[in-house]
Amino acid sequence: MPAEQEILTPPSQTPRAHRVDALFSHGRLVAIPRREARREQLLVHLAEALFERERSYTEREVNEALLTVHEDCSALRRYLVVAGLLVRPRDGSSYRRGR
């Protein structure tokens with residue numbers, strides 16, 4: 001859960017170090033955060049920015065979208081699935097936005 005000050009501070013006034021855009025340089029993700037809370041923040045941002053609700057994506061489409069921000073698309077895809085932000089059937093034939 002975010003700290004009380006983060007809840008009360010409007011996003012435009014949140015210090016850059018706490019914003020997701022601090023993880024990017026020239027539109028590319030600099031590194032996948034190791035800290036779970038920070039990675040979750042990134043994953044939510046990616047899910048919302050790259051994938052539409054109610055639309056199915058092939059694995060190739062998911063990879064192509066993730067490659068626009070970072071070269072390790074398989075790690076990002078795996079993190080998104082584990083976090084429940086992308087869901088897929090057991091056979092992995094398609095992906096959809098989750099929570």
# chains A, B, ... in the order shown; residues from 1 in each chain; ligands from 1
>>> residues_around(residues="Arg96 of chain A", least_positions_apart="4", cutoff="9 Å", atoms="only C-alpha atoms", output="count of residues only")
11
>>> select_by_dssp(residues="chain A", states="alpha helix (DSSP H)", output="VMD selection string")
chain A and resid 4 to 8 36 to 50 59 to 67 73 to 82
>>> atom_distance(atom1="atom CA of Arg28 of chain A", atom2="atom CA of Asn63 of chain A")
14.7 Å
>>> residues_around(residues="segment 20-23 of chain A", least_positions_apart="5", cutoff="10 Å", atoms="only C-alpha atoms", output="number ranges by chain")
A: 15, 28-33, 38-39, 41-46
>>> atom_distance(atom1="atom CA of His70 of chain A", atom2="atom CA of Asp91 of chain A")
25.1 Å
>>> select_by_dssp(residues="chain A", states="strand (DSSP E or B)", output="PDB file with N, CA and C atoms, in the first residue's frame")
ATOM      1  N   PHE A  24      12.545   5.365 -17.260  1.00  0.00           N
ATOM      2  CA  PHE A  24      12.715   5.421 -18.706  1.00  0.00           C
ATOM      3  C   PHE A  24      13.713   6.502 -19.112  1.00  0.00           C
ATOM      4  N   SER A  25      14.382   6.264 -20.228  1.00  0.00           N
ATOM      5  CA  SER A  25      15.247   7.258 -20.845  1.00  0.00           C
ATOM      6  C   SER A  25      14.994   7.202 -22.344  1.00  0.00           C
ATOM      7  N   ARG A  28      12.661   4.454 -23.528  1.00  0.00           N
ATOM      8  CA  ARG A  28      13.057   3.066 -23.298  1.00  0.00           C
ATOM      9  C   ARG A  28      13.262   2.822 -21.817  1.00  0.00           C
ATOM     10  N   LEU A  29      12.853   1.655 -21.372  1.00  0.00           N
ATOM     11  CA  LEU A  29      13.038   1.239 -19.986  1.00  0.00           C
ATOM     12  C   LEU A  29      14.529   0.999 -19.752  1.00  0.00           C
ATOM     13  N   TYR A  57      -4.499 -10.787 -27.587  1.00  0.00           N
ATOM     14  CA  TYR A  57      -3.220 -10.580 -28.250  1.00  0.00           C
ATOM     15  C   TYR A  57      -2.529 -11.914 -28.433  1.00  0.00           C
ATOM     16  N   LEU A  86      -1.590  -9.668 -17.233  1.00  0.00           N
ATOM     17  CA  LEU A  86      -1.935 -10.335 -18.487  1.00  0.00           C
ATOM     18  C   LEU A  86      -2.324 -11.758 -18.113  1.00  0.00           C
ATOM     19  N   VAL A  87      -3.379 -12.246 -18.714  1.00  0.00           N
ATOM     20  CA  VAL A  87      -3.801 -13.627 -18.460  1.00  0.00           C
ATOM     21  C   VAL A  87      -3.788 -14.374 -19.780  1.00  0.00           C
ATOM     22  N   TYR A  95      -3.320 -13.787 -25.124  1.00  0.00           N
ATOM     23  CA  TYR A  95      -3.166 -13.007 -23.885  1.00  0.00           C
ATOM     24  C   TYR A  95      -4.244 -11.943 -23.851  1.00  0.00           C
ATOM     25  N   ARG A  96      -4.700 -11.619 -22.649  1.00  0.00           N
ATOM     26  CA  ARG A  96      -5.668 -10.544 -22.428  1.00  0.00           C
ATOM     27  C   ARG A  96      -5.256  -9.775 -21.181  1.00  0.00           C
ATOM     28  N   ARG A  97      -5.682  -8.517 -21.104  1.00  0.00           N
ATOM     29  CA  ARG A  97      -5.438  -7.743 -19.886  1.00  0.00           C
ATOM     30  C   ARG A  97      -6.170  -8.406 -18.744  1.00  0.00           C
TER      31      ARG A  97
END
>>> closest_residue(among="A:Arg19, A:His26, A:Arg34, A:Arg60", to="Tyr79 of chain A", atoms="only C-alpha atoms")
A:Arg34
>>> atom_distance(atom1="atom CA of Ala65 of chain A", atom2="atom CA of Arg77 of chain A")
10.0 Å
>>> decode(residues="segment 79-93 of chain A", atoms="all heavy atoms", output="mmCIF file, in the first residue's frame")
data_model
loop_
_atom_site.group_PDB
_atom_site.id
_atom_site.type_symbol
_atom_site.label_atom_id
_atom_site.label_comp_id
_atom_site.auth_asym_id
_atom_site.auth_seq_id
_atom_site.Cartn_x
_atom_site.Cartn_y
_atom_site.Cartn_z
ATOM 1 N N TYR A 79 6.649 -11.504 -16.048
ATOM 2 C CA TYR A 79 6.269 -10.707 -14.877
ATOM 3 C C TYR A 79 4.815 -10.252 -14.976
ATOM 4 O O TYR A 79 4.090 -10.274 -13.974
ATOM 5 C CB TYR A 79 7.165 -9.480 -14.740
ATOM 6 C CG TYR A 79 8.548 -9.744 -14.208
ATOM 7 C CD1 TYR A 79 9.657 -9.190 -14.834
ATOM 8 C CD2 TYR A 79 8.766 -10.526 -13.075
ATOM 9 C CE1 TYR A 79 10.936 -9.402 -14.341
ATOM 10 C CE2 TYR A 79 10.042 -10.744 -12.582
ATOM 11 C CZ TYR A 79 11.125 -10.179 -13.223
ATOM 12 O OH TYR A 79 12.390 -10.392 -12.732
ATOM 13 N N LEU A 80 4.377 -9.840 -16.153
ATOM 14 C CA LEU A 80 2.983 -9.396 -16.334
ATOM 15 C C LEU A 80 2.003 -10.542 -16.081
ATOM 16 O O LEU A 80 0.956 -10.338 -15.457
ATOM 17 C CB LEU A 80 2.779 -8.812 -17.737
ATOM 18 C CG LEU A 80 3.384 -7.433 -17.976
ATOM 19 C CD1 LEU A 80 3.497 -7.144 -19.471
ATOM 20 C CD2 LEU A 80 2.557 -6.355 -17.283
ATOM 21 N N VAL A 81 2.342 -11.726 -16.533
ATOM 22 C CA VAL A 81 1.468 -12.890 -16.328
ATOM 23 C C VAL A 81 1.446 -13.276 -14.848
ATOM 24 O O VAL A 81 0.370 -13.491 -14.268
ATOM 25 C CB VAL A 81 1.911 -14.079 -17.220
ATOM 26 C CG1 VAL A 81 1.197 -15.365 -16.825
ATOM 27 C CG2 VAL A 81 1.659 -13.760 -18.689
ATOM 28 N N VAL A 82 2.602 -13.346 -14.219
ATOM 29 C CA VAL A 82 2.674 -13.716 -12.797
ATOM 30 C C VAL A 82 1.901 -12.711 -11.945
ATOM 31 O O VAL A 82 1.220 -13.088 -10.988
ATOM 32 C CB VAL A 82 4.143 -13.837 -12.339
ATOM 33 C CG1 VAL A 82 4.251 -13.948 -10.827
ATOM 34 C CG2 VAL A 82 4.802 -15.039 -13.007
ATOM 35 N N ALA A 83 1.966 -11.435 -12.307
ATOM 36 C CA ALA A 83 1.264 -10.397 -11.552
ATOM 37 C C ALA A 83 -0.236 -10.375 -11.842
ATOM 38 O O ALA A 83 -0.983 -9.656 -11.179
ATOM 39 C CB ALA A 83 1.865 -9.030 -11.873
ATOM 40 N N GLY A 84 -0.674 -11.161 -12.817
ATOM 41 C CA GLY A 84 -2.095 -11.190 -13.161
ATOM 42 C C GLY A 84 -2.530 -10.022 -14.024
ATOM 43 O O GLY A 84 -3.722 -9.812 -14.239
ATOM 44 N N LEU A 85 -1.572 -9.271 -14.552
ATOM 45 C CA LEU A 85 -1.904 -8.125 -15.394
ATOM 46 C C LEU A 85 -2.160 -8.542 -16.833
ATOM 47 O O LEU A 85 -2.853 -7.857 -17.578
ATOM 48 C CB LEU A 85 -0.789 -7.079 -15.323
ATOM 49 C CG LEU A 85 -0.678 -6.427 -13.947
ATOM 50 C CD1 LEU A 85 0.665 -5.735 -13.768
ATOM 51 C CD2 LEU A 85 -1.819 -5.453 -13.736
ATOM 52 N N LEU A 86 -1.590 -9.668 -17.233
ATOM 53 C CA LEU A 86 -1.935 -10.335 -18.487
ATOM 54 C C LEU A 86 -2.324 -11.758 -18.113
ATOM 55 O O LEU A 86 -1.669 -12.379 -17.271
ATOM 56 C CB LEU A 86 -0.751 -10.385 -19.455
ATOM 57 C CG LEU A 86 -0.359 -9.124 -20.200
ATOM 58 C CD1 LEU A 86 0.821 -9.409 -21.132
ATOM 59 C CD2 LEU A 86 -1.520 -8.561 -20.997
ATOM 60 N N VAL A 87 -3.379 -12.246 -18.714
ATOM 61 C CA VAL A 87 -3.801 -13.627 -18.460
ATOM 62 C C VAL A 87 -3.788 -14.374 -19.780
ATOM 63 O O VAL A 87 -3.979 -13.792 -20.846
ATOM 64 C CB VAL A 87 -5.206 -13.694 -17.796
ATOM 65 C CG1 VAL A 87 -5.162 -13.107 -16.397
ATOM 66 C CG2 VAL A 87 -6.244 -12.993 -18.633
ATOM 67 N N ARG A 88 -3.566 -15.677 -19.685
ATOM 68 C CA ARG A 88 -3.530 -16.504 -20.884
ATOM 69 C C ARG A 88 -4.071 -17.876 -20.555
ATOM 70 O O ARG A 88 -4.009 -18.322 -19.396
ATOM 71 C CB ARG A 88 -2.108 -16.611 -21.415
ATOM 72 C CG ARG A 88 -1.191 -17.303 -20.451
ATOM 73 C CD ARG A 88 0.200 -17.404 -20.977
ATOM 74 N NE ARG A 88 1.007 -18.060 -19.956
ATOM 75 C CZ ARG A 88 2.288 -18.261 -20.050
ATOM 76 N NH1 ARG A 88 2.928 -17.862 -21.106
ATOM 77 N NH2 ARG A 88 2.948 -18.851 -19.083
ATOM 78 N N PRO A 89 -4.600 -18.563 -21.561
ATOM 79 C CA PRO A 89 -5.033 -19.944 -21.316
ATOM 80 C C PRO A 89 -3.798 -20.827 -21.109
ATOM 81 O O PRO A 89 -2.669 -20.431 -21.410
ATOM 82 C CB PRO A 89 -5.779 -20.322 -22.597
ATOM 83 C CG PRO A 89 -5.300 -19.386 -23.633
ATOM 84 C CD PRO A 89 -4.872 -18.136 -22.934
ATOM 85 N N ARG A 90 -4.025 -22.007 -20.636
ATOM 86 C CA ARG A 90 -2.934 -22.938 -20.332
ATOM 87 C C ARG A 90 -2.031 -23.179 -21.542
ATOM 88 O O ARG A 90 -0.818 -23.318 -21.408
ATOM 89 C CB ARG A 90 -3.521 -24.261 -19.841
ATOM 90 C CG ARG A 90 -2.524 -25.170 -19.200
ATOM 91 C CD ARG A 90 -3.215 -26.421 -18.688
ATOM 92 N NE ARG A 90 -3.561 -26.362 -17.286
ATOM 93 C CZ ARG A 90 -2.701 -26.598 -16.300
ATOM 94 N NH1 ARG A 90 -1.451 -26.856 -16.578
ATOM 95 N NH2 ARG A 90 -3.082 -26.559 -15.054
ATOM 96 N N ASP A 91 -2.604 -23.188 -22.739
ATOM 97 C CA ASP A 91 -1.803 -23.457 -23.941
ATOM 98 C C ASP A 91 -1.027 -22.231 -24.427
ATOM 99 O O ASP A 91 -0.236 -22.329 -25.363
ATOM 100 C CB ASP A 91 -2.670 -24.020 -25.067
ATOM 101 C CG ASP A 91 -3.676 -23.010 -25.614
ATOM 102 O OD1 ASP A 91 -3.716 -21.854 -25.156
ATOM 103 O OD2 ASP A 91 -4.430 -23.412 -26.535
ATOM 104 N N GLY A 92 -1.233 -21.067 -23.799
ATOM 105 C CA GLY A 92 -0.487 -19.868 -24.162
ATOM 106 C C GLY A 92 -0.829 -19.304 -25.527
ATOM 107 O O GLY A 92 -0.064 -18.536 -26.092
ATOM 108 N N SER A 93 -2.007 -19.661 -26.042
ATOM 109 C CA SER A 93 -2.364 -19.255 -27.406
ATOM 110 C C SER A 93 -2.753 -17.782 -27.532
ATOM 111 O O SER A 93 -2.720 -17.237 -28.630
ATOM 112 C CB SER A 93 -3.526 -20.126 -27.912
ATOM 113 O OG SER A 93 -4.645 -19.965 -27.055
#
